[in-house]
Amino acid sequence: MHDIRAVRADPAGFDAALARRGLDPVSAAVLAHDESRRAAQTALQEKQARRNAIAKEIGIAKRQGGDTAALEAEAVALRDEMVRLEATASAAERAQVAMLEVLPNTLDPEVPEGRDESANIVLHQHGDNPAFAFTPKQHFELGEALGLMDFATAAKIAGSRFTVLKGALARLERALGHWMLALHTEQHGYTEASVPLLVNDAVAYGTDKLPKFAEDLFRTTDGRWLIPTAEVPLTGFAMEEIIPEAELPLRLTALTPCFRSEAGSAGRDTRGMLRQHQFAKVELVSITTPDQSAAEHERMTRCAERVLTELGLVWRRVFLCAGDTGFGAARTYDLEVWLPGQGAWREISSCSNTRDFQARRMNGRFKPKEGKGNQFLHTLNGSGVAVGRALIAVMETFQQEDGSVLVPEVLRPWMGGLERIAR
RNA sequence: GGAGAGGUGCCGGAGCGGUCGAACGGGUCGGUCUCGAAAACCGAAGUACGGGCAACUGUACCGUGGGUUCGAAUCCCACCCUCUCCGCCA
C-alpha cells in the first residue's frame, strides 16, 4: 500500500514510478479523492467539536435544572449534517484505498528497465552446464521409469497438477526439505516455525495476495485461504505489531506445502511436477528496519544460493527487470537452476525486498532505539528453496545413463545413507 | 457441539450514560539525592487522521461492526477472540 502523503508530495514522481511498471498515471484521480476526503473530514470535525460542546452544556444545564430544549434541537440538526459529511468522507476514502491497494510497489531505482523477462539481467552463474555422454531425460521420464513418480494415481485421487511420490523419491523430497531447514536454522540464523496453512483475509491482504490475486488462491468453505507460500503466515507475525528495534531482524523459516490454483497458467508446464497445485517449499522471511533491508536482501539471497551450491546444482542469479518484478516487491532476485533434461533454466527461488509495502498493509511497525515515533518495518521473503523443483533439479542433474539418480553427498545422511536411487 | 466467564493504555487493574484519553499499582524514560548504584521523592510519556509556517490545535480510538441518546468505555444487537467445565476427537 502506498502512502497517500507520498502521492501528495510528488504526484509526478508517483506516476513516473507506475510508468516503469507499464501502468497509467493515477495520481490526479487519487488526489481528487484525497482532497474531497480531507475537506469533508475537516468540516465533520468542526461539527463534532460543536456537538461535543453542546452535549457538555446540556450536561451542566441538566444538573442545574435549566432548559435544554434549544440546545438539543441544535444538536439534532448537527447530527444530520454529520451523517452526510461522514458518508462523503468515508466514500472518498474507500475510493482512494480501492485505487491504491491494487497498485504494485514502487521499484528500487536500480531495477533494470524492461517489459518482460527478456530484459532480466543475469548477475552471475555458479557451475557449468554439465556435459552428458547420453541424452539426459526429464524428471518425469526418470521418475516414472523408476516407478517412484505416479501422475496417474495423483490424477485419479486429486486431479491434474498433482503428483504422487513413492519410496526413495518421497524420501528424497523429505530429505531435501529437512536438510534445507537444518542449514538455515543451524548456519544462517533463522528460527524455524510451524505455521497454519490456512489464513484469514487480513494476513492475505497484508501480504498483498488480496484483493488482486484472489483467483490464484484456494479458498476454504469457512472463508479462509490455503497459503500459496509460507511467506504469508511468517510475514504475518509482524501484523499489527510494534516491535522494539533491538529485537530486529526477525529471521524466520518454515517448510510447508504451498497451494496455488494456477488459474492463469492453463496449458503451461503440464508435464511432470514443475507446476503443481501443491508443492513443498522452504521459505525464508526477514523482518527488519529500513536501513537494514537492502543488506538483508543480499544476505537472504546468499542463503538460498548456498542451498543450490551445496547440492551441486548449476544455478544463476537473475535481477528481475521492471516488468517482471512481482506486485509486492521493490526489488527481486530470482535463482534459476539448470535442468539438463529439459535443457532450460527454471526458477527455483525468488528473493524479494518488499520494503514497507506489506508492512503498511498490515500495520507492522517498530519502535526505534533513538528518536520518537514508530516506523513501518521492512519485510523480505525468499524461497530457500522450492523443494519440489529442487527434487526435479537433483534428478535431472545427477541422472545416470541407466536411469538411476545419484544422491548428492549432503543429502545422504538424510536418506539413510542411500547413494543411488535405482529400480 | 453444549454451558458459563471475560476482552480497558507497555503490563496488572478500576471505571453511577455527562467534568473519562480514562483512577490506582507496576514497568519505562528524564531529574533530585549519591563517588556510583539502590531506595525515596519530583516530573514525563498512547495511536491514527485533519487544520496551522510554527507554537499549537481539532477529531476519532476502551476486541470489531452496527444501534439507542443532546451525550456511550458505560445501555442494546451481531460478530471475532480468550478462558473454565462437559461432550467428541488426532
# chains A, B, ... in the order shown; residues from 1 in each chain; ligands from 1
>>> interface_residues(of="chain A", to="chain B", cutoff="7 Å", atoms="only C-alpha atoms (C1' of nucleotides)", output="PyMOL selection string")
chain A and resi 38+41-42+45+55-56+58-59+72+75
>>> write_last_selection(atoms="N, CA and C atoms", output="mmCIF file, in the first residue's frame")
data_model
loop_
_atom_site.group_PDB
_atom_site.id
_atom_site.type_symbol
_atom_site.label_atom_id
_atom_site.label_comp_id
_atom_site.auth_asym_id
_atom_site.auth_seq_id
_atom_site.Cartn_x
_atom_site.Cartn_y
_atom_site.Cartn_z
ATOM 1 N N ARG A 38 -10.430 15.037 2.732
ATOM 2 C CA ARG A 38 -9.937 15.940 3.770
ATOM 3 C C ARG A 38 -10.885 17.108 4.004
ATOM 4 N N GLN A 41 -13.670 15.737 6.021
ATOM 5 C CA GLN A 41 -13.219 15.410 7.377
ATOM 6 C C GLN A 41 -13.072 16.670 8.221
ATOM 7 N N THR A 42 -12.495 17.703 7.631
ATOM 8 C CA THR A 42 -12.324 18.955 8.360
ATOM 9 C C THR A 42 -13.678 19.528 8.764
ATOM 10 N N GLN A 45 -15.223 17.442 11.495
ATOM 11 C CA GLN A 45 -14.616 17.635 12.815
ATOM 12 C C GLN A 45 -15.100 18.922 13.472
ATOM 13 N N ALA A 55 -23.236 19.044 23.987
ATOM 14 C CA ALA A 55 -23.528 17.936 24.910
ATOM 15 C C ALA A 55 -23.043 18.270 26.309
ATOM 16 N N LYS A 56 -21.867 18.903 26.362
ATOM 17 C CA LYS A 56 -21.317 19.267 27.665
ATOM 18 C C LYS A 56 -22.198 20.310 28.358
ATOM 19 N N ILE A 58 -25.364 20.800 27.892
ATOM 20 C CA ILE A 58 -26.607 20.157 28.318
ATOM 21 C C ILE A 58 -26.404 19.446 29.642
ATOM 22 N N GLY A 59 -25.283 18.784 29.738
ATOM 23 C CA GLY A 59 -24.979 18.080 30.981
ATOM 24 C C GLY A 59 -24.972 19.016 32.167
ATOM 25 N N GLU A 72 -30.703 21.033 22.470
ATOM 26 C CA GLU A 72 -30.965 19.697 21.921
ATOM 27 C C GLU A 72 -31.406 19.784 20.472
ATOM 28 N N ALA A 75 -28.384 20.293 18.367
ATOM 29 C CA ALA A 75 -27.600 19.064 18.279
ATOM 30 C C ALA A 75 -28.204 18.090 17.275
#
>>> select_by_dssp(residues="region 91-200 of chain A", states="alpha helix (DSSP H)", output="PyMOL selection string")
chain A and resi 91-100+139-146+151-157+167-186
>>> select_by_dssp(residues="region 236-320 of chain A", states="strand (DSSP E)", output="list in words")
Ile242, Ile243, Pro244, Leu250, Arg251, Leu252, Thr253, Ala254, Leu255, Thr256, Pro257, Cys258, Phe259, Gln278, Phe279, Ala280, Lys281, Val282, Glu283, Leu284, Val285, Ser286, Ile287, Thr288, Trp315, Arg316, Arg317, Val318 and Phe319 of chain A
>>> write_last_selection(atoms="N, CA, C and O atoms", output="CSV table (one decimal), in the first residue's frame")
chain,number,residue,atom,x,y,z
A,242,ILE,N,4.1,-3.7,17.2
A,242,ILE,CA,5.1,-2.6,17.3
A,242,ILE,C,6.3,-3.3,17.9
A,242,ILE,O,6.3,-3.6,19.1
A,243,ILE,N,7.4,-3.6,17.1
A,243,ILE,CA,8.5,-4.4,17.6
A,243,ILE,C,9.6,-3.5,18.0
A,243,ILE,O,10.0,-2.6,17.3
A,244,PRO,N,10.2,-3.7,19.2
A,244,PRO,CA,11.4,-2.9,19.6
A,244,PRO,C,12.5,-3.1,18.6
A,244,PRO,O,12.8,-4.3,18.2
A,250,LEU,N,14.1,-10.1,12.7
A,250,LEU,CA,13.5,-11.4,12.8
A,250,LEU,C,13.7,-12.2,11.6
A,250,LEU,O,13.4,-11.7,10.5
A,251,ARG,N,14.4,-13.3,11.8
A,251,ARG,CA,14.6,-14.2,10.6
A,251,ARG,C,13.9,-15.5,10.8
A,251,ARG,O,14.2,-16.2,11.8
A,252,LEU,N,12.9,-15.8,10.0
A,252,LEU,CA,12.0,-16.9,10.1
A,252,LEU,C,12.1,-17.8,8.9
A,252,LEU,O,12.2,-17.4,7.8
A,253,THR,N,11.9,-19.1,9.2
A,253,THR,CA,11.9,-20.1,8.1
A,253,THR,C,10.9,-21.2,8.4
A,253,THR,O,10.6,-21.5,9.6
A,254,ALA,N,10.3,-21.7,7.4
A,254,ALA,CA,9.3,-22.8,7.6
A,254,ALA,C,9.3,-23.7,6.3
A,254,ALA,O,9.5,-23.2,5.2
A,255,LEU,N,9.1,-25.0,6.6
A,255,LEU,CA,8.8,-25.9,5.5
A,255,LEU,C,7.4,-26.2,5.4
A,255,LEU,O,6.8,-26.7,6.4
A,256,THR,N,6.7,-25.8,4.4
A,256,THR,CA,5.3,-26.1,4.3
A,256,THR,C,4.9,-26.5,2.9
A,256,THR,O,5.6,-26.2,1.9
A,257,PRO,N,3.7,-27.1,2.8
A,257,PRO,CA,3.1,-27.3,1.5
A,257,PRO,C,2.6,-25.9,1.1
A,257,PRO,O,2.3,-25.1,1.9
A,258,CYS,N,2.6,-25.6,-0.2
A,258,CYS,CA,2.0,-24.4,-0.8
A,258,CYS,C,1.0,-24.8,-1.8
A,258,CYS,O,1.1,-25.7,-2.5
A,259,PHE,N,-0.1,-24.0,-1.8
A,259,PHE,CA,-1.2,-24.3,-2.6
A,259,PHE,C,-1.5,-23.2,-3.6
A,259,PHE,O,-1.7,-22.0,-3.2
A,278,GLN,N,0.0,-28.2,-5.5
A,278,GLN,CA,0.5,-28.3,-4.2
A,278,GLN,C,2.0,-28.7,-4.3
A,278,GLN,O,2.3,-29.6,-5.1
A,279,PHE,N,2.8,-27.9,-3.6
A,279,PHE,CA,4.3,-28.3,-3.6
A,279,PHE,C,4.9,-27.8,-2.3
A,279,PHE,O,4.3,-27.0,-1.6
A,280,ALA,N,6.0,-28.5,-2.0
A,280,ALA,CA,6.7,-28.2,-0.7
A,280,ALA,C,7.7,-27.1,-1.0
A,280,ALA,O,8.3,-27.0,-2.0
A,281,LYS,N,7.8,-26.2,0.0
A,281,LYS,CA,8.8,-25.1,-0.1
A,281,LYS,C,9.4,-24.7,1.2
A,281,LYS,O,8.6,-24.7,2.2
A,282,VAL,N,10.7,-24.5,1.3
A,282,VAL,CA,11.2,-23.9,2.5
A,282,VAL,C,11.3,-22.4,2.2
A,282,VAL,O,11.9,-21.9,1.2
A,283,GLU,N,10.7,-21.6,3.1
A,283,GLU,CA,10.6,-20.2,2.9
A,283,GLU,C,11.4,-19.5,3.9
A,283,GLU,O,11.6,-19.9,5.1
A,284,LEU,N,12.0,-18.4,3.5
A,284,LEU,CA,12.8,-17.5,4.4
A,284,LEU,C,12.1,-16.2,4.4
A,284,LEU,O,11.7,-15.6,3.4
A,285,VAL,N,11.9,-15.7,5.6
A,285,VAL,CA,11.3,-14.3,5.8
A,285,VAL,C,12.2,-13.5,6.8
A,285,VAL,O,12.6,-14.0,7.8
A,286,SER,N,12.4,-12.3,6.4
A,286,SER,CA,13.1,-11.4,7.3
A,286,SER,C,12.3,-10.2,7.6
A,286,SER,O,11.7,-9.6,6.6
A,287,ILE,N,12.3,-9.8,8.8
A,287,ILE,CA,11.5,-8.6,9.2
A,287,ILE,C,12.5,-7.7,9.9
A,287,ILE,O,13.2,-8.0,10.9
A,288,THR,N,12.7,-6.5,9.2
A,288,THR,CA,13.9,-5.7,9.7
A,288,THR,C,13.6,-4.2,9.5
A,288,THR,O,12.4,-3.8,9.3
A,315,TRP,N,23.5,-23.1,-11.2
A,315,TRP,CA,22.5,-22.1,-11.0
A,315,TRP,C,23.0,-20.7,-11.4
A,315,TRP,O,24.2,-20.5,-11.6
A,316,ARG,N,22.1,-19.8,-11.5
A,316,ARG,CA,22.5,-18.4,-11.8
A,316,ARG,C,21.5,-17.4,-11.1
A,316,ARG,O,20.3,-17.8,-10.8
A,317,ARG,N,22.0,-16.2,-10.8
A,317,ARG,CA,21.2,-15.2,-10.1
A,317,ARG,C,20.8,-14.2,-11.2
A,317,ARG,O,21.6,-13.7,-11.9
A,318,VAL,N,19.5,-14.0,-11.2
A,318,VAL,CA,18.9,-13.1,-12.2
A,318,VAL,C,18.2,-11.9,-11.5
A,318,VAL,O,17.5,-12.1,-10.5
A,319,PHE,N,18.5,-10.7,-11.9
A,319,PHE,CA,18.0,-9.5,-11.4
A,319,PHE,C,16.7,-9.2,-12.3
A,319,PHE,O,16.9,-8.9,-13.4
>>> closest_residue(among="A:Thr301, A:Ser27, A:Gln138, A:Thr88", to="Gly403 (chain A)", atoms="only C-alpha atoms")
A:Gln138
>>> residues_around(residues="C62 (chain B)", least_positions_apart="5", cutoff="9 Å", atoms="only C-alpha atoms (C1' of nucleotides)", output="list in words")
U8, G9, A22 and A73 of chain B
>>> closest_residue(among="B:A44, B:C81, B:A37, B:C86", to="U64 (chain B)", atoms="only C-alpha atoms (C1' of nucleotides)")
B:C81
